[in-house]
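Novice: I have a structure here, written as structure tokens, and I will follow up with some questions on it.
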Amino acid sequence: MLFNSIDFLLFFTVFFSCYWLSVNNIKLQNIILLIGSYVFYSFTDWRFLLLLISISAFNYFLALKIEKANKYKSLLMYIGLAQGLGILAFFKYFNFFITSLNDIFYSVNINCNLKILNILIPLGISFFTFRTISYVLDVYNENIKATKDWIVFFNYISFFPSILSGPIDKVNLLVPQIETKRSFNYNDATDGMRQILWGLFKKIVIADNCSIFVNDTFDNFSQHSGSTLLLGAFFFSIQLYADFSGYSDMAIGFSRLIGFKITKNFNFPFFSQNIAEFWRKWHISLTSWLTEYVFSPLNFKFRHLGKRGIIFAILINFILCGIWHGANWTYVIFGFIHGCAFIPLIINNKLNRKEKKESIHSFLTFKKLINMISIFTFVTFTFIFFRSDNITNALLFLSNIFSDTFFLIPETPSFWIFLLVAIFSLFEWYGRQGDYVLDSILTTCNKALRWTAYLFFVVLILYYAGAEKTFLYFQF
Amino acid sequence: MEKKDIIIKIKEILVSILEHENFEMVDELEAKNVDGWDSLSHMLIITEIEKRFSIQFKLKELNKLNNLGSLLNLINSKIVSK
């Protein structure tokens with residue numbers, strides 16, 4: 001069920017009413033939340049619901065065992081880890097592994113033709129599995145207590161606003177909120193609705209409009225000039241950002257409507273000054289998860305190697321970050337390139353340089369503008385691997401960009417799409433100091449202007465709302 | 001080894017890695033408030049502490065550190081149990 005669908009609107013209206021009618025009974029409210037999450041999740045395929053419930057139950061009991069265990073504590077933790085990674089490996093990577101093996105054998109003239117399986121990937125598996133893995137590890141490391149209330153824990157795993165595409169919330173953020181009585185807060189609700197409005201604008205008006213031009217350039221790249229392909233690649237960066245951050249805005253907005261505050265997932269990444277800053281601002285919940293559970297342990301393990309150790313840890317971290325997105329060598333290359341981009345920062349001690357909070361009116365220097373454009377261009381080139389079906393196509397796409405047709409006047413999307421992207425970029429720039437764009441821009445202006453802006457966005461959303469288009473990150 | 005000796009050695013390590021002295025060696029000192037003390041320099045600092053005091057940390061122990069005071073206590077407990 002998509003946030004931008006009539007089905008969801010009907011579902012959420014019924015859910016919202018039942019949920020807030022039970023405000024005085026936290027147990028009942030949590031049961032309604034769980035039922036709502038399961039209804040939402042099973043809309044795609046009810047069989048996946050059984051998997052979700054089984055995984056939740058397994059990890060619930062396992063964590064309780066880990067907490068009490070003395071002798072076999074590590075063994076139980078490894079069982080939990082194996083379950084999480086095993087499920088991911090089977091559903092997401094099994095066929096990739098088999099086809100890669102076939103390719104390797106074929107390259108040495110052995111035709112073993114191992115059969116791939118017809119596997120459907122459960123929606124959101126990468127997101128809810130990362131929740132269970134971090135939960136088991138945190139209980140094992142005694143960072144948190146295992147949750148005794150199964151309804152609370154099952155809600156944490158299946159929380160519907162974020163189950164399909166994140167953010168990947170940590171236990172210590174979400175579980176205390178599920179355990180505590182929530183009351184309806186008008187300001188939170190209006191704030192949530194503003195963020196949903198901005199999310200819908202990003203998805204329906206920006207991402208879906210960019211997708212038409214992007215799909216054409218990537219699907220028929222041999223028929224376009226180099227300049228058109230470059231423009232198509234830039235538009236894909238905008239599409240991906242608007243699509244995924246738009247989803248995250250909606251997830252945060254719907255959470256606020258039901259009294260929850262979940263992890264901020266994007267913080268204007270395309271205004272970053274270097275690649276480390278970009279990753280601190282892009283898909284924040286995944287970056288934080290990987291930093292805590294992959295980079296930090298590896299960095300600790302390799303600490304005696306000095307900066308070389310940090311480089312190894314970063315490379316492994318980013319290759320895994322790439323693979324997390326899907327079973328394709330294009331994602332491996334994507335992650336590897338990003339890992340390599342950190343090397344100069346590590347060598348020059350600029351990995352985590354503290355950023356000074358700027359005033360909204362601060363002057364954009366030429367150097368900062370060049371850094372921003374450089375990061376946007378670099379990320380756009382890496383997204384060519386992200387978007388292409390295979391490495392050959394990605395390399396062909398790249399070589400076609402730099403062909404002799406590079407200097408031809410490019411085919412472009414319509415003027416209106418350029419104008420919409422320009423409006424979007426201006427709002428992003430002037431709203432970059434807030435939690436989300438409309439928060440910092442509209443809450444400070446007068447009522448008439450604020451409602452004119454709401455109307456403007458609503459009209460645009462309704463005008464462009466046609467066939468529902470799925471979110472790009474659903475495939476992960 | 002007395003606490004003040006541990007503090008002197010740690011200050012030497014911090015100054016050599018962070019390349020400045022703009023911090024006060026008080027128990028409440030937190031990495032986030034010290035210029036240049038980030039995840040990159042943190043691991044270099046930890047490795048240097050291990051070398052100077054001939055001790056070994058566990059990741060679990062490091063994850064529980066929240067300020068200079070807790071780091072001093074951890075180092076002290078490691079030295080005592082050597």
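Ligands are numbered from 1 in the order shown, chains are lettered A, B, ... in the order of the structure tokens, and residues start at 1 in each chain.
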Show me, as an MDAnalysis selection string, the residues that have an atom within 6 Å of stretch 316-321 of chain A when counting only C-alpha atoms, minus same-chain residues fewer than 3 positions from it.
Specialist: chainID A and resid 295 313 324 332 335:336 339
Novice: Using only C-alpha atoms, which residues of chain A come within 12 Å of chain B, and what is the closest atom pair for each, with the distance in Å to one decimal? Give it as a tab-separated table, sorted by chain and residue number.
Specialist:
residue	atom	partner	partner_atom	distance
A:Leu137	CA	B:Lys60	CA	11.0
A:Asp138	CA	B:Lys60	CA	10.3
A:Val139	CA	B:Lys60	CA	11.9
A:Tyr140	CA	B:Lys60	CA	10.1
A:Asn141	CA	B:Lys60	CA	6.6
A:Glu142	CA	B:Lys60	CA	8.8
A:Asn143	CA	B:Lys64	CA	8.3
A:Ile144	CA	B:Lys64	CA	11.8
A:Ala276	CA	B:Leu40	CA	11.8
A:Thr291	CA	B:Ser39	CA	9.9
A:Glu292	CA	B:Asn63	CA	9.7
A:Tyr293	CA	B:Leu59	CA	11.2
A:Phe295	CA	B:Ser39	CA	10.1
A:Ser296	CA	B:Ser39	CA	8.5
A:Pro297	CA	B:Leu59	CA	7.0
A:Leu298	CA	B:Leu59	CA	10.1
A:Asn299	CA	B:Met43	CA	7.4
A:Phe300	CA	B:Leu59	CA	6.9
A:Lys301	CA	B:Leu59	CA	8.8
A:Phe302	CA	B:Met43	CA	9.6
A:Arg303	CA	B:Met43	CA	6.4
A:His304	CA	B:Thr47	CA	6.6
A:Leu305	CA	B:Thr47	CA	9.5
A:Gly306	CA	B:Leu44	CA	6.7
A:Lys307	CA	B:Leu44	CA	8.4
A:Arg308	CA	B:Leu44	CA	11.4
A:Gly309	CA	B:Met43	CA	9.9
A:Ile310	CA	B:Leu40	CA	7.5
A:Ile311	CA	B:Leu40	CA	10.3
A:Ala313	CA	B:Leu40	CA	11.1
A:Ile314	CA	B:Leu40	CA	10.8
A:Phe342	CA	B:Leu40	CA	11.7
A:Leu345	CA	B:Leu40	CA	10.2
A:Ile346	CA	B:Leu40	CA	7.7
A:Ile347	CA	B:Leu40	CA	10.4
A:Asn348	CA	B:Leu40	CA	11.0
A:Asn349	CA	B:Leu40	CA	7.6
A:Lys350	CA	B:Leu40	CA	8.8
A:Leu351	CA	B:Leu40	CA	6.8
A:Asn352	CA	B:Asp38	CA	5.9
A:Arg353	CA	B:Gly36	CA	6.8
A:Lys354	CA	B:Gly36	CA	7.5
A:Glu355	CA	B:Asp35	CA	10.7
A:Lys356	CA	B:Asp35	CA	11.5
Novice: Convert the current residue selection to file output with N, CA and C atoms, as a tab-separated table (two decimals), in the first residue's frame.
Specialist:
chain	number	residue	atom	x	y	z
A	137	LEU	N	21.92	-7.53	18.95
A	137	LEU	CA	23.28	-7.09	19.31
A	137	LEU	C	23.26	-6.15	20.52
A	138	ASP	N	22.29	-5.26	20.56
A	138	ASP	CA	22.21	-4.32	21.68
A	138	ASP	C	21.89	-5.04	23.00
A	139	VAL	N	21.01	-6.05	22.92
A	139	VAL	CA	20.70	-6.81	24.14
A	139	VAL	C	21.95	-7.59	24.56
A	140	TYR	N	22.64	-8.19	23.61
A	140	TYR	CA	23.85	-8.97	23.90
A	140	TYR	C	24.93	-8.08	24.54
A	141	ASN	N	25.10	-6.87	23.99
A	141	ASN	CA	26.12	-5.94	24.51
A	141	ASN	C	25.66	-5.19	25.75
A	142	GLU	N	24.48	-5.54	26.24
A	142	GLU	CA	23.87	-4.92	27.44
A	142	GLU	C	23.68	-3.41	27.29
A	143	ASN	N	23.49	-2.96	26.06
A	143	ASN	CA	23.19	-1.55	25.84
A	143	ASN	C	21.72	-1.26	26.14
A	144	ILE	N	20.88	-2.28	25.97
A	144	ILE	CA	19.44	-2.13	26.26
A	144	ILE	C	18.94	-3.38	26.98
A	276	ALA	N	31.99	12.84	3.17
A	276	ALA	CA	31.65	12.40	4.54
A	276	ALA	C	30.39	13.12	5.01
A	291	THR	N	27.52	2.53	10.70
A	291	THR	CA	28.63	3.08	11.49
A	291	THR	C	28.73	2.34	12.82
A	292	GLU	N	27.58	2.11	13.43
A	292	GLU	CA	27.58	1.49	14.76
A	292	GLU	C	27.90	-0.01	14.73
A	293	TYR	N	27.33	-0.72	13.75
A	293	TYR	CA	27.45	-2.17	13.78
A	293	TYR	C	28.48	-2.75	12.80
A	295	PHE	N	31.19	-0.33	10.82
A	295	PHE	CA	32.42	0.47	10.78
A	295	PHE	C	33.14	0.48	12.14
A	296	SER	N	32.42	0.78	13.22
A	296	SER	CA	33.08	0.90	14.53
A	296	SER	C	33.77	-0.39	14.96
A	297	PRO	N	33.09	-1.56	14.90
A	297	PRO	CA	33.80	-2.81	15.27
A	297	PRO	C	35.02	-3.07	14.38
A	298	LEU	N	34.89	-2.79	13.07
A	298	LEU	CA	36.03	-3.02	12.17
A	298	LEU	C	37.16	-2.04	12.46
A	299	ASN	N	36.79	-0.80	12.69
A	299	ASN	CA	37.76	0.24	13.00
A	299	ASN	C	38.53	-0.14	14.28
A	300	PHE	N	37.79	-0.70	15.25
A	300	PHE	CA	38.41	-1.14	16.50
A	300	PHE	C	39.37	-2.32	16.24
A	301	LYS	N	38.89	-3.25	15.43
A	301	LYS	CA	39.68	-4.46	15.11
A	301	LYS	C	40.99	-4.08	14.41
A	302	PHE	N	40.89	-3.10	13.49
A	302	PHE	CA	42.08	-2.72	12.69
A	302	PHE	C	42.83	-1.54	13.30
A	303	ARG	N	42.57	-1.22	14.58
A	303	ARG	CA	43.09	0.05	15.13
A	303	ARG	C	44.61	0.13	15.13
A	304	HIS	N	45.29	-1.03	15.21
A	304	HIS	CA	46.75	-1.00	15.25
A	304	HIS	C	47.36	-0.70	13.89
A	305	LEU	N	46.52	-0.67	12.86
A	305	LEU	CA	47.04	-0.34	11.52
A	305	LEU	C	46.97	1.16	11.24
A	306	GLY	N	46.53	1.94	12.22
A	306	GLY	CA	46.46	3.40	12.05
A	306	GLY	C	45.46	3.77	10.97
A	307	LYS	N	45.85	4.71	10.12
A	307	LYS	CA	44.92	5.19	9.10
A	307	LYS	C	44.59	4.11	8.06
A	308	ARG	N	45.54	3.20	7.84
A	308	ARG	CA	45.24	2.10	6.90
A	308	ARG	C	44.06	1.28	7.42
A	309	GLY	N	44.01	1.10	8.73
A	309	GLY	CA	42.91	0.36	9.36
A	309	GLY	C	41.58	1.05	9.12
A	310	ILE	N	41.60	2.38	9.24
A	310	ILE	CA	40.35	3.15	9.03
A	310	ILE	C	39.92	3.01	7.56
A	311	ILE	N	40.89	3.04	6.65
A	311	ILE	CA	40.56	2.91	5.22
A	311	ILE	C	39.94	1.53	4.94
A	313	ALA	N	38.35	-0.36	7.06
A	313	ALA	CA	37.02	-0.38	7.69
A	313	ALA	C	36.00	0.37	6.83
A	314	ILE	N	36.42	1.53	6.31
A	314	ILE	CA	35.51	2.34	5.48
A	314	ILE	C	35.15	1.59	4.20
A	342	PHE	N	36.39	8.42	0.41
A	342	PHE	CA	36.73	8.82	1.78
A	342	PHE	C	38.24	8.85	2.03
A	345	LEU	N	40.01	12.13	2.58
A	345	LEU	CA	39.57	12.76	3.83
A	345	LEU	C	40.27	12.12	5.03
A	346	ILE	N	40.43	10.79	4.96
A	346	ILE	CA	41.09	10.09	6.08
A	346	ILE	C	42.55	10.51	6.15
A	347	ILE	N	43.22	10.55	5.00
A	347	ILE	CA	44.64	10.90	4.96
A	347	ILE	C	44.85	12.34	5.46
A	348	ASN	N	43.93	13.24	5.10
A	348	ASN	CA	44.08	14.65	5.50
A	348	ASN	C	43.35	15.01	6.80
A	349	ASN	N	42.97	13.98	7.58
A	349	ASN	CA	42.27	14.21	8.87
A	349	ASN	C	41.01	15.07	8.74
A	350	LYS	N	40.25	14.88	7.70
A	350	LYS	CA	39.05	15.71	7.52
A	350	LYS	C	37.78	14.88	7.52
A	351	LEU	N	37.88	13.65	8.07
A	351	LEU	CA	36.74	12.75	8.00
A	351	LEU	C	35.51	13.30	8.72
A	352	ASN	N	35.72	13.77	9.94
A	352	ASN	CA	34.56	14.20	10.73
A	352	ASN	C	34.66	15.64	11.14
A	353	ARG	N	35.20	16.47	10.27
A	353	ARG	CA	35.37	17.87	10.64
A	353	ARG	C	34.03	18.45	11.09
A	354	LYS	N	34.07	19.09	12.26
A	354	LYS	CA	32.80	19.62	12.79
A	354	LYS	C	32.30	20.79	11.94
A	355	GLU	N	31.01	20.74	11.61
A	355	GLU	CA	30.44	21.80	10.77
A	355	GLU	C	29.87	22.90	11.65
A	356	LYS	N	30.17	24.13	11.27
A	356	LYS	CA	29.60	25.24	12.04
A	356	LYS	C	28.18	25.47	11.55
Novice: Please identify all polymer residues within 6 Å of A:Phe48, counting only C-alpha atoms, omitting same-chain residues fewer than 3 positions from it, and present them as a ChimeraX atom specification.
Specialist: /A:45,51,122
Novice: May I have the residues within 12 Å of B:Ile10 as a ChimeraX atom specification, using only C-alpha atoms and disregarding those fewer than 5 positions away in the same chain?
Specialist: /B:3-5,15-18,21,24-26,45-53,68-69,71-72,75
Novice: Can you tell me, as a VMD selection string, which residues in stretch 266-438 of chain A count as alpha helix (DSSP H) by DSSP?
Specialist: chain A and resid 275 to 281 284 to 290 296 to 301 307 to 325 329 to 341 343 to 347 366 to 387 391 to 401 415 to 430 437 to 438
Novice: Let's have the selection written as an mmCIF file, in the first residue's frame, with C-alpha atoms.
Specialist:
data_model
loop_
_atom_site.group_PDB
_atom_site.id
_atom_site.type_symbol
_atom_site.label_atom_id
_atom_site.label_comp_id
_atom_site.auth_asym_id
_atom_site.auth_seq_id
_atom_site.Cartn_x
_atom_site.Cartn_y
_atom_site.Cartn_z
ATOM 1 C CA ILE A 275 31.531 13.071 0.773
ATOM 2 C CA ALA A 276 31.653 12.397 4.536
ATOM 3 C CA GLU A 277 29.144 15.198 5.101
ATOM 4 C CA PHE A 278 27.002 13.812 2.271
ATOM 5 C CA TRP A 279 26.746 10.434 4.016
ATOM 6 C CA ARG A 280 25.977 12.086 7.346
ATOM 7 C CA LYS A 281 22.987 13.661 5.579
ATOM 8 C CA ILE A 284 20.969 8.917 7.899
ATOM 9 C CA SER A 285 19.399 5.922 9.652
ATOM 10 C CA LEU A 286 21.238 3.421 7.407
ATOM 11 C CA THR A 287 24.551 5.301 7.707
ATOM 12 C CA SER A 288 24.208 5.414 11.511
ATOM 13 C CA TRP A 289 23.315 1.724 11.628
ATOM 14 C CA LEU A 290 26.327 0.749 9.526
ATOM 15 C CA SER A 296 33.081 0.904 14.530
ATOM 16 C CA PRO A 297 33.803 -2.811 15.266
ATOM 17 C CA LEU A 298 36.028 -3.023 12.167
ATOM 18 C CA ASN A 299 37.761 0.242 13.001
ATOM 19 C CA PHE A 300 38.412 -1.141 16.504
ATOM 20 C CA LYS A 301 39.677 -4.458 15.110
ATOM 21 C CA LYS A 307 44.918 5.188 9.095
ATOM 22 C CA ARG A 308 45.242 2.097 6.898
ATOM 23 C CA GLY A 309 42.909 0.358 9.361
ATOM 24 C CA ILE A 310 40.350 3.150 9.027
ATOM 25 C CA ILE A 311 40.559 2.908 5.217
ATOM 26 C CA PHE A 312 39.956 -0.881 5.334
ATOM 27 C CA ALA A 313 37.020 -0.383 7.691
ATOM 28 C CA ILE A 314 35.508 2.341 5.483
ATOM 29 C CA LEU A 315 35.888 0.284 2.287
ATOM 30 C CA ILE A 316 34.243 -2.809 3.810
ATOM 31 C CA ASN A 317 31.529 -0.614 5.338
ATOM 32 C CA PHE A 318 30.663 1.004 2.008
ATOM 33 C CA ILE A 319 30.807 -2.190 -0.020
ATOM 34 C CA LEU A 320 28.269 -3.624 2.452
ATOM 35 C CA CYS A 321 26.273 -0.406 2.179
ATOM 36 C CA GLY A 322 26.174 -0.944 -1.586
ATOM 37 C CA ILE A 323 25.198 -4.625 -1.315
ATOM 38 C CA TRP A 324 22.454 -3.741 1.172
ATOM 39 C CA HIS A 325 20.660 -1.995 -1.707
ATOM 40 C CA TRP A 329 27.488 -5.949 -8.855
ATOM 41 C CA THR A 330 26.435 -2.391 -9.755
ATOM 42 C CA TYR A 331 25.706 -1.764 -6.055
ATOM 43 C CA VAL A 332 29.065 -3.251 -5.059
ATOM 44 C CA ILE A 333 30.827 -0.846 -7.423
ATOM 45 C CA PHE A 334 28.653 2.028 -6.157
ATOM 46 C CA GLY A 335 29.665 1.283 -2.549
ATOM 47 C CA PHE A 336 33.327 0.745 -3.428
ATOM 48 C CA ILE A 337 33.596 4.115 -5.245
ATOM 49 C CA HIS A 338 32.027 5.894 -2.280
ATOM 50 C CA GLY A 339 34.412 4.103 0.103
ATOM 51 C CA CYS A 340 37.383 5.200 -2.045
ATOM 52 C CA ALA A 341 36.130 8.802 -1.979
ATOM 53 C CA ILE A 343 40.439 7.996 1.457
ATOM 54 C CA PRO A 344 41.659 11.597 0.848
ATOM 55 C CA LEU A 345 39.571 12.764 3.827
ATOM 56 C CA ILE A 346 41.090 10.089 6.083
ATOM 57 C CA ILE A 347 44.643 10.901 4.958
ATOM 58 C CA PHE A 366 32.411 30.602 -4.316
ATOM 59 C CA LYS A 367 34.455 27.812 -2.715
ATOM 60 C CA LYS A 368 31.391 26.376 -0.969
ATOM 61 C CA LEU A 369 29.379 26.523 -4.183
ATOM 62 C CA ILE A 370 32.138 24.690 -6.076
ATOM 63 C CA ASN A 371 32.332 22.030 -3.328
ATOM 64 C CA MET A 372 28.560 21.564 -3.475
ATOM 65 C CA ILE A 373 28.511 21.227 -7.259
ATOM 66 C CA SER A 374 31.475 18.826 -7.117
ATOM 67 C CA ILE A 375 29.751 16.555 -4.581
ATOM 68 C CA PHE A 376 26.486 16.633 -6.533
ATOM 69 C CA THR A 377 28.335 15.767 -9.755
ATOM 70 C CA PHE A 378 30.383 13.010 -8.114
ATOM 71 C CA VAL A 379 27.311 11.449 -6.515
ATOM 72 C CA THR A 380 25.432 11.711 -9.820
ATOM 73 C CA PHE A 381 28.159 9.748 -11.627
ATOM 74 C CA THR A 382 28.077 7.026 -8.949
ATOM 75 C CA PHE A 383 24.268 6.903 -9.213
ATOM 76 C CA ILE A 384 24.720 5.797 -12.842
ATOM 77 C CA PHE A 385 25.893 2.455 -11.398
ATOM 78 C CA PHE A 386 23.013 2.568 -8.927
ATOM 79 C CA ARG A 387 20.422 3.044 -11.675
ATOM 80 C CA ILE A 391 27.922 -2.974 -15.000
ATOM 81 C CA THR A 392 28.185 -3.213 -18.789
ATOM 82 C CA ASN A 393 25.249 -0.842 -19.231
ATOM 83 C CA ALA A 394 26.652 1.535 -16.615
ATOM 84 C CA LEU A 395 30.022 1.655 -18.371
ATOM 85 C CA LEU A 396 28.370 2.080 -21.771
ATOM 86 C CA PHE A 397 26.227 4.883 -20.359
ATOM 87 C CA LEU A 398 29.371 6.583 -19.014
ATOM 88 C CA SER A 399 31.322 6.164 -22.245
ATOM 89 C CA ASN A 400 28.327 7.474 -24.247
ATOM 90 C CA ILE A 401 28.295 10.609 -22.076
ATOM 91 C CA PHE A 415 10.094 23.843 -19.322
ATOM 92 C CA TRP A 416 7.546 23.216 -16.546
ATOM 93 C CA ILE A 417 9.607 20.407 -15.077
ATOM 94 C CA PHE A 418 12.677 22.645 -15.020
ATOM 95 C CA LEU A 419 10.595 25.316 -13.309
ATOM 96 C CA LEU A 420 9.255 22.834 -10.711
ATOM 97 C CA VAL A 421 12.756 21.543 -9.989
ATOM 98 C CA ALA A 422 13.964 25.137 -9.639
ATOM 99 C CA ILE A 423 11.131 25.938 -7.164
ATOM 100 C CA PHE A 424 11.916 22.719 -5.279
ATOM 101 C CA SER A 425 15.646 23.579 -5.103
ATOM 102 C CA LEU A 426 14.948 27.115 -3.867
ATOM 103 C CA PHE A 427 12.634 25.825 -1.121
ATOM 104 C CA GLU A 428 15.251 23.237 -0.119
ATOM 105 C CA TRP A 429 17.959 25.902 0.047
ATOM 106 C CA TYR A 430 15.961 28.404 2.094
ATOM 107 C CA VAL A 437 11.637 22.497 4.427
ATOM 108 C CA LEU A 438 8.159 23.790 5.241
#
